[in-house]
file start_2.cif (mmCIF, C-alpha atoms)
data_work
loop_
_atom_site.label_atom_id
_atom_site.label_comp_id
_atom_site.auth_asym_id
_atom_site.auth_seq_id
_atom_site.Cartn_x
_atom_site.Cartn_y
_atom_site.Cartn_z
CA MET A 1 -35.01 -13.78 -108.47
CA ARG A 2 -38.67 -14.73 -109.05
CA LYS A 3 -39.97 -11.13 -109.15
CA LEU A 4 -37.20 -9.97 -111.46
CA PHE A 5 -37.76 -12.61 -114.09
CA SER A 6 -41.54 -12.47 -114.06
CA ILE A 7 -41.18 -8.80 -115.05
CA LEU A 8 -38.70 -9.68 -117.79
CA ILE A 9 -41.05 -12.22 -119.33
CA VAL A 10 -43.83 -9.61 -119.55
CA LEU A 11 -41.51 -7.04 -121.12
CA ALA A 12 -40.33 -9.63 -123.64
CA LEU A 13 -43.68 -9.39 -125.46
CA ALA A 14 -42.29 -6.42 -127.35
CA MET A 15 -39.36 -8.49 -128.63
CA PRO A 16 -39.18 -10.80 -131.66
CA ALA A 17 -40.62 -14.28 -131.05
CA GLN A 18 -37.23 -16.02 -131.00
CA ALA A 19 -35.88 -13.52 -128.45
CA GLN A 20 -39.00 -13.97 -126.33
CA GLU A 21 -38.49 -17.73 -126.28
CA ALA A 22 -34.77 -17.52 -125.44
CA ASP A 23 -35.39 -14.99 -122.66
CA SER A 24 -38.24 -17.04 -121.23
CA LEU A 25 -36.18 -20.24 -121.20
CA ALA A 26 -33.25 -18.51 -119.53
CA ALA A 27 -35.53 -16.86 -116.96
CA VAL A 28 -37.11 -20.21 -116.03
CA CYS A 29 -33.67 -21.75 -115.49
CA LEU A 30 -32.57 -18.82 -113.35
CA ASN A 31 -35.73 -18.98 -111.26
CA GLN A 32 -35.25 -22.72 -110.70
CA SER A 33 -31.46 -22.52 -110.19
CA ASP A 34 -31.13 -25.03 -113.05
CA TRP A 35 -27.54 -24.27 -113.96
CA PHE A 36 -27.00 -27.34 -116.15
CA ARG A 37 -29.97 -26.49 -118.36
CA LEU A 38 -28.99 -22.80 -118.40
CA GLN A 39 -25.51 -23.64 -119.68
CA GLU A 40 -27.06 -25.47 -122.67
CA ILE A 41 -29.39 -22.57 -123.44
CA TYR A 42 -26.51 -20.12 -123.15
CA ARG A 43 -24.35 -22.25 -125.45
CA THR A 44 -26.99 -22.59 -128.17
CA ASP A 45 -29.10 -19.41 -127.86
CA SER A 46 -26.95 -16.75 -126.16
CA THR A 47 -27.04 -14.45 -129.21
CA ARG A 48 -30.84 -14.39 -129.03
CA ILE A 49 -31.03 -13.60 -125.31
CA SER A 50 -31.49 -9.91 -124.48
CA PRO A 51 -28.26 -8.15 -123.39
CA PHE A 52 -29.07 -7.85 -119.69
CA LEU A 53 -30.34 -11.39 -119.31
CA ARG A 54 -27.44 -12.73 -121.37
CA LEU A 55 -24.88 -11.05 -119.08
CA PHE A 56 -26.80 -12.11 -115.97
CA SER A 57 -26.90 -15.72 -117.18
CA LYS A 58 -23.19 -15.69 -117.97
CA THR A 59 -22.52 -14.30 -114.48
CA MET A 60 -24.46 -17.09 -112.79
CA LEU A 61 -22.73 -19.74 -114.90
CA ASN A 62 -19.29 -18.43 -113.98
CA HIS A 63 -20.24 -18.28 -110.30
CA PHE A 64 -21.84 -21.71 -109.96
CA PHE A 65 -19.37 -23.47 -112.25
CA GLY A 66 -16.43 -22.37 -110.14
CA ARG A 67 -14.83 -19.63 -112.25
CA PRO A 68 -14.36 -16.87 -109.64
CA GLU A 69 -12.19 -14.49 -111.70
CA ASP A 70 -14.73 -14.42 -114.53
CA ALA A 71 -17.60 -14.20 -112.04
CA ILE A 72 -16.05 -11.11 -110.41
CA ASN A 73 -15.69 -9.35 -113.76
CA ASP A 74 -19.26 -10.17 -114.78
CA ILE A 75 -20.82 -9.24 -111.42
CA ARG A 76 -19.10 -5.86 -111.55
CA LYS A 77 -20.44 -5.31 -115.09
CA VAL A 78 -23.99 -6.17 -114.03
CA LEU A 79 -23.81 -3.89 -110.99
CA ARG A 80 -22.34 -1.08 -113.10
CA ASP A 81 -24.54 -1.29 -116.19
CA TYR A 82 -27.84 -2.81 -115.02
CA GLN A 83 -28.34 -1.82 -111.40
CA GLY A 84 -31.69 -0.25 -112.24
CA GLU A 85 -33.01 -3.56 -113.60
CA LEU A 86 -31.95 -5.68 -110.65
CA GLY A 87 -34.22 -4.77 -107.77
CA SER A 88 -32.97 -4.71 -104.19
CA SER A 89 -32.97 -8.46 -103.43
CA ASN A 90 -31.02 -9.34 -106.57
CA PHE A 91 -28.61 -6.47 -106.00
CA ILE A 92 -27.86 -7.75 -102.49
CA SER A 93 -27.41 -11.32 -103.77
CA LEU A 94 -24.87 -10.14 -106.34
CA VAL A 95 -22.95 -8.19 -103.71
CA ILE A 96 -22.76 -11.30 -101.53
CA MET A 97 -21.60 -13.36 -104.52
CA LEU A 98 -18.96 -10.75 -105.34
CA GLY A 99 -17.56 -11.05 -101.83
CA GLN A 100 -17.61 -14.85 -102.03
CA ASN A 101 -15.64 -14.91 -105.26
CA TYR A 102 -13.01 -12.48 -103.98
CA SER A 103 -12.64 -14.71 -100.91
CA LEU A 104 -12.31 -17.87 -103.04
CA LEU A 105 -9.32 -16.25 -104.74
CA GLY A 106 -7.81 -15.39 -101.36
CA HIS A 107 -8.63 -11.69 -101.72
CA ASN A 108 -10.42 -11.37 -98.39
CA LYS A 109 -9.48 -7.71 -97.99
CA GLN A 110 -11.36 -6.88 -101.20
CA ALA A 111 -14.26 -9.10 -100.07
CA ALA A 112 -14.47 -7.17 -96.81
CA ALA A 113 -14.39 -3.86 -98.70
CA VAL A 114 -17.32 -4.97 -100.89
CA LEU A 115 -19.40 -5.80 -97.81
CA GLN A 116 -18.35 -2.65 -95.97
CA ASN A 117 -19.40 -0.48 -98.89
CA PHE A 118 -22.76 -2.27 -99.01
CA ILE A 119 -23.28 -1.86 -95.24
CA SER A 120 -22.44 1.86 -95.36
CA THR A 121 -24.83 2.43 -98.25
CA TRP A 122 -27.72 0.34 -96.92
CA LYS A 123 -27.57 0.88 -93.17
CA ASP A 124 -30.37 3.45 -93.32
CA ARG A 125 -32.55 1.33 -95.64
CA ILE A 126 -32.81 -1.92 -93.69
CA ASP A 127 -33.10 -2.63 -89.98
CA SER A 128 -30.13 -3.65 -87.84
CA ILE A 129 -31.34 -7.25 -87.39
CA SER A 130 -31.52 -7.78 -91.17
CA LEU A 131 -28.14 -6.09 -91.57
CA ALA A 132 -26.42 -8.22 -88.89
CA PRO A 133 -25.51 -11.22 -91.13
CA TYR A 134 -23.73 -8.92 -93.57
CA VAL A 135 -21.84 -7.23 -90.74
CA ALA A 136 -20.73 -10.65 -89.48
CA ARG A 137 -19.67 -11.68 -92.98
CA GLU A 138 -17.66 -8.47 -93.44
CA ARG A 139 -15.88 -9.01 -90.12
CA ASN A 140 -15.11 -12.60 -91.07
CA TYR A 141 -13.52 -11.53 -94.35
CA ARG A 142 -11.52 -8.82 -92.58
CA SER A 143 -10.24 -11.31 -90.03
CA LEU A 144 -9.31 -13.83 -92.73
CA SER A 145 -7.47 -11.12 -94.69
CA LYS A 146 -4.75 -11.11 -92.02
CA TYR A 147 -3.68 -14.63 -93.00
CA ASP A 148 -2.10 -16.20 -96.05
CA LEU A 149 -4.62 -19.03 -96.15
CA TYR A 150 -3.79 -22.55 -97.34
CA GLN A 151 -0.11 -21.73 -97.64
CA VAL A 152 1.59 -24.86 -98.99
CA ARG A 153 4.83 -26.05 -97.46
CA GLN A 154 7.03 -27.98 -99.88
CA PRO A 155 4.86 -27.45 -102.98
CA LYS A 156 4.47 -30.38 -105.38
CA ALA A 157 2.52 -31.14 -108.55
CA THR A 158 0.55 -33.90 -106.81
CA TYR A 159 -0.10 -34.97 -103.23
CA GLN A 160 -0.89 -38.51 -102.07
CA ILE A 161 -3.17 -39.11 -99.08
CA SER A 162 -4.05 -42.60 -97.87
CA PHE A 163 -7.58 -43.10 -96.56
CA LYS A 164 -9.50 -45.93 -94.98
CA ILE A 165 -13.15 -46.87 -95.10
CA GLN A 166 -14.32 -47.34 -91.54
CA GLU A 167 -17.65 -48.23 -89.97
CA VAL A 168 -18.89 -45.73 -87.42
CA GLY A 169 -20.86 -46.41 -84.27
CA ASP A 170 -23.28 -49.32 -84.28
CA SER A 171 -25.19 -48.15 -87.35
CA ALA A 172 -23.32 -50.16 -90.02
CA GLN A 173 -22.57 -46.85 -91.72
CA SER A 174 -19.11 -46.13 -93.05
CA LEU A 175 -17.11 -43.01 -93.85
CA PHE A 176 -13.77 -42.14 -95.44
CA PHE A 177 -11.13 -41.34 -92.83
CA VAL A 178 -7.61 -39.97 -93.24
CA GLU A 179 -4.96 -39.80 -90.55
CA GLY A 180 -3.06 -36.55 -90.27
CA GLY A 181 -1.91 -33.81 -87.98
CA LEU A 182 -3.50 -30.58 -86.76
CA ASN A 183 -1.27 -28.04 -85.04
CA GLY A 184 1.15 -30.86 -84.27
CA HIS A 185 -1.48 -33.22 -82.84
CA LYS A 186 -2.23 -36.58 -84.46
CA SER A 187 -5.75 -36.42 -85.78
CA SER A 188 -8.32 -38.34 -87.79
CA PHE A 189 -10.46 -36.49 -90.33
CA VAL A 190 -13.57 -37.40 -92.33
CA LEU A 191 -13.25 -36.66 -96.06
CA ASP A 192 -16.59 -35.06 -96.89
CA THR A 193 -17.26 -33.74 -100.39
CA GLY A 194 -20.76 -32.83 -99.19
CA ALA A 195 -19.46 -30.30 -96.65
CA ALA A 196 -18.87 -26.74 -97.82
CA TYR A 197 -16.34 -26.06 -95.04
CA ASN A 198 -13.69 -27.74 -92.94
CA VAL A 199 -15.35 -28.39 -89.58
CA ILE A 200 -14.14 -28.98 -86.01
CA THR A 201 -15.98 -29.19 -82.70
CA PRO A 202 -15.40 -26.61 -79.93
CA ASP A 203 -13.66 -29.07 -77.58
CA LEU A 204 -11.10 -30.09 -80.20
CA ALA A 205 -10.61 -26.53 -81.42
CA THR A 206 -9.62 -25.62 -77.87
CA ALA A 207 -7.53 -28.76 -77.26
CA TYR A 208 -5.60 -28.32 -80.53
CA GLY A 209 -5.06 -24.59 -80.10
CA LEU A 210 -7.02 -23.21 -83.05
CA LYS A 211 -7.43 -19.44 -83.00
CA ILE A 212 -11.01 -18.15 -83.11
CA ILE A 213 -11.11 -15.12 -85.43
CA GLY A 214 -14.77 -14.62 -86.35
CA ARG A 215 -18.41 -15.48 -85.79
CA GLY A 216 -21.59 -15.79 -87.79
CA THR A 217 -20.66 -18.48 -90.36
CA GLN A 218 -23.89 -20.10 -91.53
CA VAL A 219 -23.84 -23.87 -92.10
CA ARG A 220 -26.68 -25.98 -93.47
CA GLY A 221 -27.27 -29.37 -91.88
CA ILE A 222 -30.35 -31.12 -90.52
CA LYS A 223 -31.12 -27.61 -89.30
CA PRO A 224 -29.30 -24.35 -90.11
CA LEU A 225 -26.43 -23.75 -87.69
CA GLU A 226 -24.15 -20.84 -86.92
CA GLY A 227 -20.49 -21.42 -86.22
CA GLN A 228 -17.28 -19.56 -85.47
CA THR A 229 -14.35 -19.23 -87.84
CA ALA A 230 -11.00 -20.49 -86.56
CA ILE A 231 -7.49 -20.81 -87.98
CA ALA A 232 -5.29 -23.87 -87.63
CA GLU A 233 -1.62 -22.92 -87.83
CA SER A 234 -0.76 -26.22 -89.52
CA LEU A 235 -2.51 -29.16 -91.16
CA GLN A 236 -0.90 -32.32 -92.54
CA LEU A 237 -2.67 -34.89 -94.72
CA GLY A 238 -0.33 -37.46 -96.25
CA ASP A 239 2.47 -35.51 -97.94
CA LEU A 240 0.36 -32.34 -98.08
CA MET A 241 1.39 -29.78 -95.48
CA LEU A 242 -0.53 -26.54 -95.16
CA ARG A 243 -0.39 -23.46 -92.96
CA ASN A 244 -3.23 -21.16 -91.91
CA VAL A 245 -6.16 -23.45 -92.63
CA PRO A 246 -9.64 -22.12 -91.79
CA PHE A 247 -12.17 -24.30 -89.95
CA VAL A 248 -15.75 -23.66 -88.91
CA VAL A 249 -16.21 -24.46 -85.22
CA LEU A 250 -19.60 -26.14 -84.76
CA ASP A 251 -21.18 -27.46 -81.59
CA ILE A 252 -22.76 -30.70 -82.78
CA GLN A 253 -24.72 -31.28 -79.59
CA LYS A 254 -26.14 -27.78 -79.15
CA GLY A 255 -29.92 -27.96 -79.26
CA SER A 256 -29.72 -31.63 -80.17
CA LYS A 257 -30.93 -34.77 -78.43
CA ILE A 258 -28.54 -37.02 -80.35
CA PRO A 259 -26.45 -39.28 -78.07
CA THR A 260 -22.82 -38.16 -78.05
CA GLN A 261 -21.52 -41.53 -79.29
CA LYS A 262 -23.58 -41.22 -82.48
CA THR A 263 -21.78 -38.02 -83.52
CA ALA A 264 -18.25 -38.70 -82.21
CA PHE A 265 -17.01 -39.42 -85.74
CA LEU A 266 -18.07 -35.93 -86.93
CA LYS A 267 -15.59 -34.05 -84.78
CA MET A 268 -13.23 -33.09 -87.65
CA ILE A 269 -14.17 -32.83 -91.33
CA ILE A 270 -12.25 -31.85 -94.43
CA GLY A 271 -14.66 -30.23 -96.89
CA GLN A 272 -14.91 -28.33 -100.14
CA SER A 273 -13.05 -25.25 -98.90
CA LEU A 274 -9.88 -27.38 -99.00
CA PHE A 275 -10.65 -29.67 -101.95
CA ARG A 276 -11.41 -26.85 -104.38
CA ARG A 277 -8.00 -25.30 -103.74
CA PHE A 278 -6.71 -27.96 -106.11
CA SER A 279 -7.39 -28.46 -109.80
CA SER A 280 -8.64 -32.00 -109.21
CA CYS A 281 -8.90 -34.77 -106.65
CA ALA A 282 -9.03 -38.48 -107.46
CA PHE A 283 -10.35 -41.17 -105.12
CA ASN A 284 -8.68 -44.47 -106.04
CA PHE A 285 -10.43 -47.39 -104.35
CA THR A 286 -7.96 -50.01 -105.53
CA ARG A 287 -5.11 -48.34 -103.65
CA SER A 288 -7.24 -46.44 -101.09
CA THR A 289 -5.55 -43.17 -101.94
CA LEU A 290 -6.74 -39.64 -102.57
CA THR A 291 -4.58 -37.77 -105.08
CA LEU A 292 -4.72 -33.97 -105.17
CA HIS A 293 -3.43 -32.27 -108.32
CA ALA A 294 -2.13 -28.73 -108.01
CA ASP A 295 -1.81 -27.83 -111.71
CA SER A 296 -4.69 -26.68 -113.88
CA THR A 297 -5.17 -26.96 -117.63
CA ASN A 298 -8.61 -25.39 -117.59
CA SER A 299 -10.03 -23.46 -120.53
CA ASN A 300 -12.08 -20.45 -119.47
CA ASN A 301 -14.09 -20.38 -122.69
CA LEU A 302 -17.69 -21.28 -121.89
CA ALA A 303 -18.21 -22.61 -125.40
CA ASP A 304 -15.43 -25.19 -124.90
CA LEU A 305 -16.72 -26.53 -121.58
CA ARG A 306 -19.43 -29.11 -120.94
CA PRO A 307 -19.26 -29.56 -117.17
CA ASN A 308 -21.40 -32.09 -115.36
CA LEU A 309 -20.54 -30.61 -111.94
CA CYS A 310 -21.58 -27.31 -110.41
CA PHE A 311 -21.70 -25.77 -106.96
CA SER A 312 -24.93 -25.30 -105.06
CA GLN A 313 -25.84 -22.01 -103.43
CA GLY A 314 -24.43 -23.44 -100.21
CA GLY A 315 -21.09 -24.30 -101.82
CA VAL A 316 -21.32 -28.08 -102.17
CA LEU A 317 -20.89 -30.09 -105.37
CA GLN A 318 -23.82 -31.21 -107.48
CA VAL A 319 -23.53 -33.67 -110.35
CA ASN A 320 -25.85 -33.71 -113.35
CA VAL A 321 -27.64 -37.10 -113.32
CA SER A 322 -30.21 -38.37 -115.83
CA ASP A 323 -32.83 -41.09 -115.45
CA GLY A 324 -33.53 -41.09 -119.18
CA ARG A 325 -36.38 -38.60 -118.98
CA HIS A 326 -35.28 -35.94 -116.53
CA HIS A 327 -32.07 -34.46 -115.17
CA TYR A 328 -31.34 -34.05 -111.46
CA PRO A 329 -28.55 -32.11 -109.72
CA LEU A 330 -27.56 -34.65 -107.04
CA ILE A 331 -25.21 -33.65 -104.24
CA LEU A 332 -21.92 -35.55 -104.44
CA ASP A 333 -21.50 -36.50 -100.80
CA SER A 334 -18.70 -38.76 -99.55
CA GLY A 335 -19.78 -37.81 -96.01
CA SER A 336 -22.99 -39.82 -96.37
CA THR A 337 -22.97 -43.62 -96.43
CA THR A 338 -26.21 -43.92 -98.35
CA SER A 339 -27.60 -42.40 -101.52
CA TRP A 340 -31.17 -41.31 -102.11
CA MET A 341 -33.37 -39.44 -104.52
CA GLY A 342 -35.34 -36.55 -103.11
CA PRO A 343 -38.81 -35.00 -103.42
CA ASP A 344 -37.95 -33.55 -106.86
CA TYR A 345 -37.56 -37.08 -108.20
CA TYR A 346 -40.71 -38.24 -106.42
CA LYS A 347 -42.79 -35.50 -108.07
CA GLU A 348 -41.75 -36.73 -111.52
CA HIS A 349 -42.27 -40.44 -110.74
CA THR A 350 -45.08 -40.51 -108.17
CA ALA A 351 -47.07 -43.31 -109.78
CA ASP A 352 -44.04 -45.55 -110.42
CA VAL A 353 -42.68 -45.03 -106.91
CA ALA A 354 -46.04 -45.73 -105.24
CA ARG A 355 -46.50 -48.87 -107.34
CA GLU A 356 -43.01 -50.38 -107.06
CA GLY A 357 -41.62 -48.91 -103.83
CA LYS A 358 -41.93 -50.10 -100.25
CA TRP A 359 -42.92 -47.34 -97.83
CA ALA A 360 -40.81 -46.65 -94.71
CA ILE A 361 -40.04 -43.99 -92.12
CA LYS A 362 -36.34 -43.39 -91.55
CA SER A 363 -34.46 -41.29 -89.02
CA GLY A 364 -31.13 -39.61 -89.68
CA ALA A 365 -28.69 -37.78 -87.43
CA GLY A 366 -26.25 -35.04 -88.33
CA TYR A 367 -25.35 -31.43 -87.72
CA GLY A 368 -28.36 -29.72 -86.19
CA GLY A 369 -30.21 -32.73 -84.81
CA VAL A 370 -32.40 -35.55 -86.09
CA SER A 371 -34.76 -35.64 -89.05
CA TYR A 372 -37.44 -38.18 -89.92
CA THR A 373 -38.21 -38.81 -93.56
CA SER A 374 -41.02 -40.56 -95.37
CA GLN A 375 -39.50 -42.80 -98.02
CA PHE A 376 -40.30 -45.40 -100.62
CA ILE A 377 -37.54 -47.96 -101.18
CA MET A 378 -37.33 -48.73 -104.89
CA PRO A 379 -36.02 -52.19 -105.92
CA GLN A 380 -33.75 -50.53 -108.48
CA ILE A 381 -33.39 -47.35 -110.51
CA THR A 382 -31.06 -46.74 -113.45
CA LEU A 383 -29.15 -43.49 -113.74
CA THR A 384 -26.60 -41.96 -116.11
CA ILE A 385 -23.71 -39.56 -115.53
CA GLY A 386 -22.02 -38.55 -118.77
CA GLU A 387 -21.34 -41.79 -120.62
CA SER A 388 -21.60 -43.99 -117.51
CA THR A 389 -24.89 -45.77 -116.83
CA PHE A 390 -25.36 -47.61 -113.54
CA SER A 391 -28.10 -49.13 -111.40
CA MET A 392 -28.77 -48.36 -107.75
CA LYS A 393 -30.53 -51.15 -105.87
CA LYS A 394 -32.88 -50.59 -102.91
CA MET A 395 -32.77 -46.87 -103.59
CA PRO A 396 -34.67 -44.67 -101.09
CA ILE A 397 -36.96 -42.02 -102.59
CA THR A 398 -37.64 -39.30 -100.02
CA THR A 399 -41.13 -37.80 -100.24
CA MET A 400 -41.03 -35.44 -97.26
CA SER A 401 -39.03 -34.64 -94.14
CA SER A 402 -39.84 -33.56 -90.59
CA GLN A 403 -37.45 -30.63 -91.12
CA GLN A 404 -38.25 -28.17 -93.89
CA ASN A 405 -35.54 -26.98 -96.29
CA ASN A 406 -32.94 -29.34 -94.83
CA ILE A 407 -30.47 -31.73 -96.45
CA ASP A 408 -33.28 -34.18 -97.32
CA SER A 409 -34.95 -31.71 -99.69
CA GLY A 410 -34.25 -31.16 -103.38
CA ALA A 411 -33.12 -33.73 -105.93
CA GLY A 412 -31.16 -36.04 -103.61
CA ARG A 413 -27.55 -37.12 -103.16
CA LEU A 414 -24.99 -39.75 -104.04
CA GLY A 415 -23.25 -41.08 -100.95
CA ASN A 416 -19.99 -42.94 -100.57
CA GLU A 417 -21.62 -46.23 -101.56
CA PHE A 418 -21.77 -44.64 -105.01
CA PHE A 419 -18.09 -43.62 -104.79
CA ARG A 420 -17.04 -47.17 -103.89
CA ARG A 421 -18.67 -48.82 -106.90
CA TRP A 422 -15.92 -47.35 -109.11
CA GLN A 423 -12.20 -48.12 -109.27
CA GLN A 424 -11.50 -44.41 -109.45
CA LEU A 425 -13.66 -41.32 -109.13
CA THR A 426 -12.09 -38.02 -110.19
CA ILE A 427 -13.48 -34.58 -109.42
CA ASP A 428 -11.95 -32.07 -111.84
CA TYR A 429 -12.41 -28.58 -110.42
CA ALA A 430 -10.72 -26.95 -113.41
CA LYS A 431 -13.17 -28.39 -115.95
CA MET A 432 -15.97 -29.07 -113.42
CA THR A 433 -16.38 -32.67 -114.53
CA LEU A 434 -16.88 -35.94 -112.68
CA GLN A 435 -14.94 -38.77 -114.30
CA LEU A 436 -15.76 -42.40 -113.48
CA LYS A 437 -13.68 -45.53 -114.14
#
call {"tool": "encode", "arguments": {"input": "start_2.cif", "output": "structure tokens"}}
result
Amino acid sequence: MRKLFSILIVLALAMPAQAQEADSLAAVCLNQSDWFRLQEIYRTDSTRISPFLRLFSKTMLNHFFGRPEDAINDIRKVLRDYQGELGSSNFISLVIMLGQNYSLLGHNKQAAAVLQNFISTWKDRIDSISLAPYVARERNYRSLSKYDLYQVRQPKATYQISFKIQEVGDSAQSLFFVEGGLNGHKSSFVLDTGAAYNVITPDLATAYGLKIIGRGTQVRGIKPLEGQTAIAESLQLGDLMLRNVPFVVLDIQKGSKIPTQKTAFLKMIIGQSLFRRFSSCAFNFTRSTLTLHADSTNSNNLADLRPNLCFSQGGVLQVNVSDGRHHYPLILDSGSTTSWMGPDYYKEHTADVAREGKWAIKSGAGYGGVSYTSQFIMPQITLTIGESTFSMKKMPITTMSSQQNNIDSGAGRLGNEFFRRWQQLTIDYAKMTLQLK
């Protein structure tokens, strides 16, 4: 979006000063993917933002704050009324987002049609290699459209799932595990709010009889990976029983030198594609239960909402965290034992980190291989989420990573050590809020 909004700022010189300022502020937020700041600007200054940029901002807010029906309506308006202002890269991004939102609502046939129309129109404008990811995405949607995904057996208002906190390997790391069933087989799953998809390894997908229906699903880990889409006929977690549950089949060891025993616990993961099917999920650490609520009381009026959660471009949750001077969108990641602040934080606090922190090199293993990060370990930093202020001791501050654009980049993340400091942590997908008790 950088080219688009640099043009808009130049054109804004012909506008009144207040409109120039509102447009410039919105454009900066869009360029930086700063959705939390953009929502405040939209709430206070939307009437002063130019019509195109106002609609574009509203579209992004609906998309990244998990309102797919509104996002679909807005994307279609932008494509219909402002296609000439978009430019090719932004047009393509909106088409992809339109397909994603149809798919989130279970309308995979419409999602496939959106991509097919794009492919037919653009096949003579871009080369076949560049077009291939969109072809794979269209085929995935078409394959998924044959299934009634996440069909609930014995629907209830709430579902109770017991979990346990278990150390993995010899690394003193711990994850949240839940016992359940997959296609009639007893199984153990990792509950991972930092994963965009449900994940299974090829050997277990074969052993448990999952049906491969598509290829080309892109997953971001230590390195970008490509997986296959598969359908599990049945999944049981506590008293939740589902049919036709999609998983991404990923080969953890492919191209990796990680010993098998260090990744054995990553064989099956429940991620955001399941969690966000519910209006909210509550982790209770007194009773060690995860409660999923089916009913929603969400208001769709942007003016009434003040969410502190949003989705990243990759589909994982980010929470708006303040250190008193700056705000950071930290990934909310129950699939990571540790928390850390990333290079974005380091840039704002370089002098303090260098003075107070203890330098270290740390290795980490995950999907896609191993990364090595340069860190400073801070004795303590104080952060705020909403009305809750808390301190994180011995907090790593990542300055750089051996792998570019991987999970160690950006603002950072809050791992399950953060989850466990509360009696209950509730993720409300209807209101996009994180509630802490």
call {"tool": "resolve_selection", "arguments": {"input": "start_2.cif", "expression": "the PyMOL selection byres ((chain A and resi 318-333) around 7)", "output": "ChimeraX atom specification"}}
result
/A:192-194,308-312,316-317,334-336,382-385,411-416
call {"tool": "write_last_selection", "arguments": {"input": "start_2.cif", "atoms": "C-alpha atoms", "output": "mmCIF file, in the frame of the given file"}}
result
data_model
loop_
_atom_site.group_PDB
_atom_site.id
_atom_site.type_symbol
_atom_site.label_atom_id
_atom_site.label_comp_id
_atom_site.auth_asym_id
_atom_site.auth_seq_id
_atom_site.Cartn_x
_atom_site.Cartn_y
_atom_site.Cartn_z
ATOM 1 C CA ASP A 192 -16.590 -35.060 -96.890
ATOM 2 C CA THR A 193 -17.260 -33.740 -100.390
ATOM 3 C CA GLY A 194 -20.760 -32.830 -99.190
ATOM 4 C CA ASN A 308 -21.400 -32.090 -115.360
ATOM 5 C CA LEU A 309 -20.540 -30.610 -111.940
ATOM 6 C CA CYS A 310 -21.580 -27.310 -110.410
ATOM 7 C CA PHE A 311 -21.700 -25.770 -106.960
ATOM 8 C CA SER A 312 -24.930 -25.300 -105.060
ATOM 9 C CA VAL A 316 -21.320 -28.080 -102.170
ATOM 10 C CA LEU A 317 -20.890 -30.090 -105.370
ATOM 11 C CA SER A 334 -18.700 -38.760 -99.550
ATOM 12 C CA GLY A 335 -19.780 -37.810 -96.010
ATOM 13 C CA SER A 336 -22.990 -39.820 -96.370
ATOM 14 C CA THR A 382 -31.060 -46.740 -113.450
ATOM 15 C CA LEU A 383 -29.150 -43.490 -113.740
ATOM 16 C CA THR A 384 -26.600 -41.960 -116.110
ATOM 17 C CA ILE A 385 -23.710 -39.560 -115.530
ATOM 18 C CA ALA A 411 -33.120 -33.730 -105.930
ATOM 19 C CA GLY A 412 -31.160 -36.040 -103.610
ATOM 20 C CA ARG A 413 -27.550 -37.120 -103.160
ATOM 21 C CA LEU A 414 -24.990 -39.750 -104.040
ATOM 22 C CA GLY A 415 -23.250 -41.080 -100.950
ATOM 23 C CA ASN A 416 -19.990 -42.940 -100.570
#
call {"tool": "residues_near_point", "arguments": {"input": "start_2.cif", "point": "(-11.3, -31.3, -84.3)", "cutoff": "12 Å", "atoms": "only C-alpha atoms", "output": "PyMOL selection string"}}
result
chain A and resi 180-183+185-190+198-210+230-232+235+246-252+264-270
call {"tool": "closest_residue", "arguments": {"input": "start_2.cif", "among": "A:Asp428, A:Glu179, A:Asp124, A:Glu356", "to": "Pro396 (chain A)", "atoms": "all atoms listed in the file"}}
result
A:Glu356
call {"tool": "closest_residue", "arguments": {"input": "start_2.cif", "among": "A:Thr398, A:Asn101, A:Gln424, A:Thr291", "to": "Leu240 (chain A)", "atoms": "all atoms listed in the file"}}
result
A:Thr291
call {"tool": "closest_atom_pairs", "arguments": {"input": "start_2.cif", "of": "region 84-184 of chain A", "to": "region 284-290 of chain A", "cutoff": "10 Å", "atoms": "all atoms listed in the file", "output": "JSON lines"}}
result
{"residue": "A:Tyr159", "atom": "CA", "partner": "A:Leu290", "partner_atom": "CA", "distance": 8.1}
{"residue": "A:Gln160", "atom": "CA", "partner": "A:Leu290", "partner_atom": "CA", "distance": 6.0}
{"residue": "A:Ile161", "atom": "CA", "partner": "A:Leu290", "partner_atom": "CA", "distance": 5.0}
{"residue": "A:Ser162", "atom": "CA", "partner": "A:Thr289", "partner_atom": "CA", "distance": 4.4}
{"residue": "A:Phe163", "atom": "CA", "partner": "A:Ser288", "partner_atom": "CA", "distance": 5.6}
{"residue": "A:Lys164", "atom": "CA", "partner": "A:Ser288", "partner_atom": "CA", "distance": 6.5}
{"residue": "A:Ile165", "atom": "CA", "partner": "A:Ser288", "partner_atom": "CA", "distance": 8.4}
{"residue": "A:Phe176", "atom": "CA", "partner": "A:Ser288", "partner_atom": "CA", "distance": 9.6}
{"residue": "A:Val178", "atom": "CA", "partner": "A:Leu290", "partner_atom": "CA", "distance": 9.4}
call {"tool": "atom_distance", "arguments": {"input": "start_2.cif", "atom1": "CA of Lys358 (chain A)", "atom2": "CA of Ser391 (chain A)"}}
result
17.8 Å
call {"tool": "closest_residue", "arguments": {"input": "start_2.cif", "among": "A:Arg306, A:Leu104, A:Phe56, A:Ala136", "to": "Arg43 (chain A)", "atoms": "only C-alpha atoms"}}
result
A:Arg306
call {"tool": "residues_around", "arguments": {"input": "start_2.cif", "residues": "Ala71 (chain A)", "least_positions_apart": "3", "cutoff": "12 Å", "atoms": "all atoms listed in the file", "output": "ChimeraX atom specification"}}
result
/A:55-68,74-78,94-95,97-102,104-105,300
call {"tool": "decode", "arguments": {"input": "start_2.cif", "residues": "region 333-338 of chain A", "atoms": "C-alpha atoms", "output": "tab-separated table (two decimals), in the first residue's frame"}}
result
chain	number	residue	atom	x	y	z
A	333	ASP	CA	0.59	-17.08	21.57
A	334	SER	CA	-0.32	-19.97	23.89
A	335	GLY	CA	1.88	-22.17	21.67
A	336	SER	CA	5.02	-20.44	22.93
A	337	THR	CA	6.31	-20.97	26.47
A	338	THR	CA	8.14	-17.67	26.63
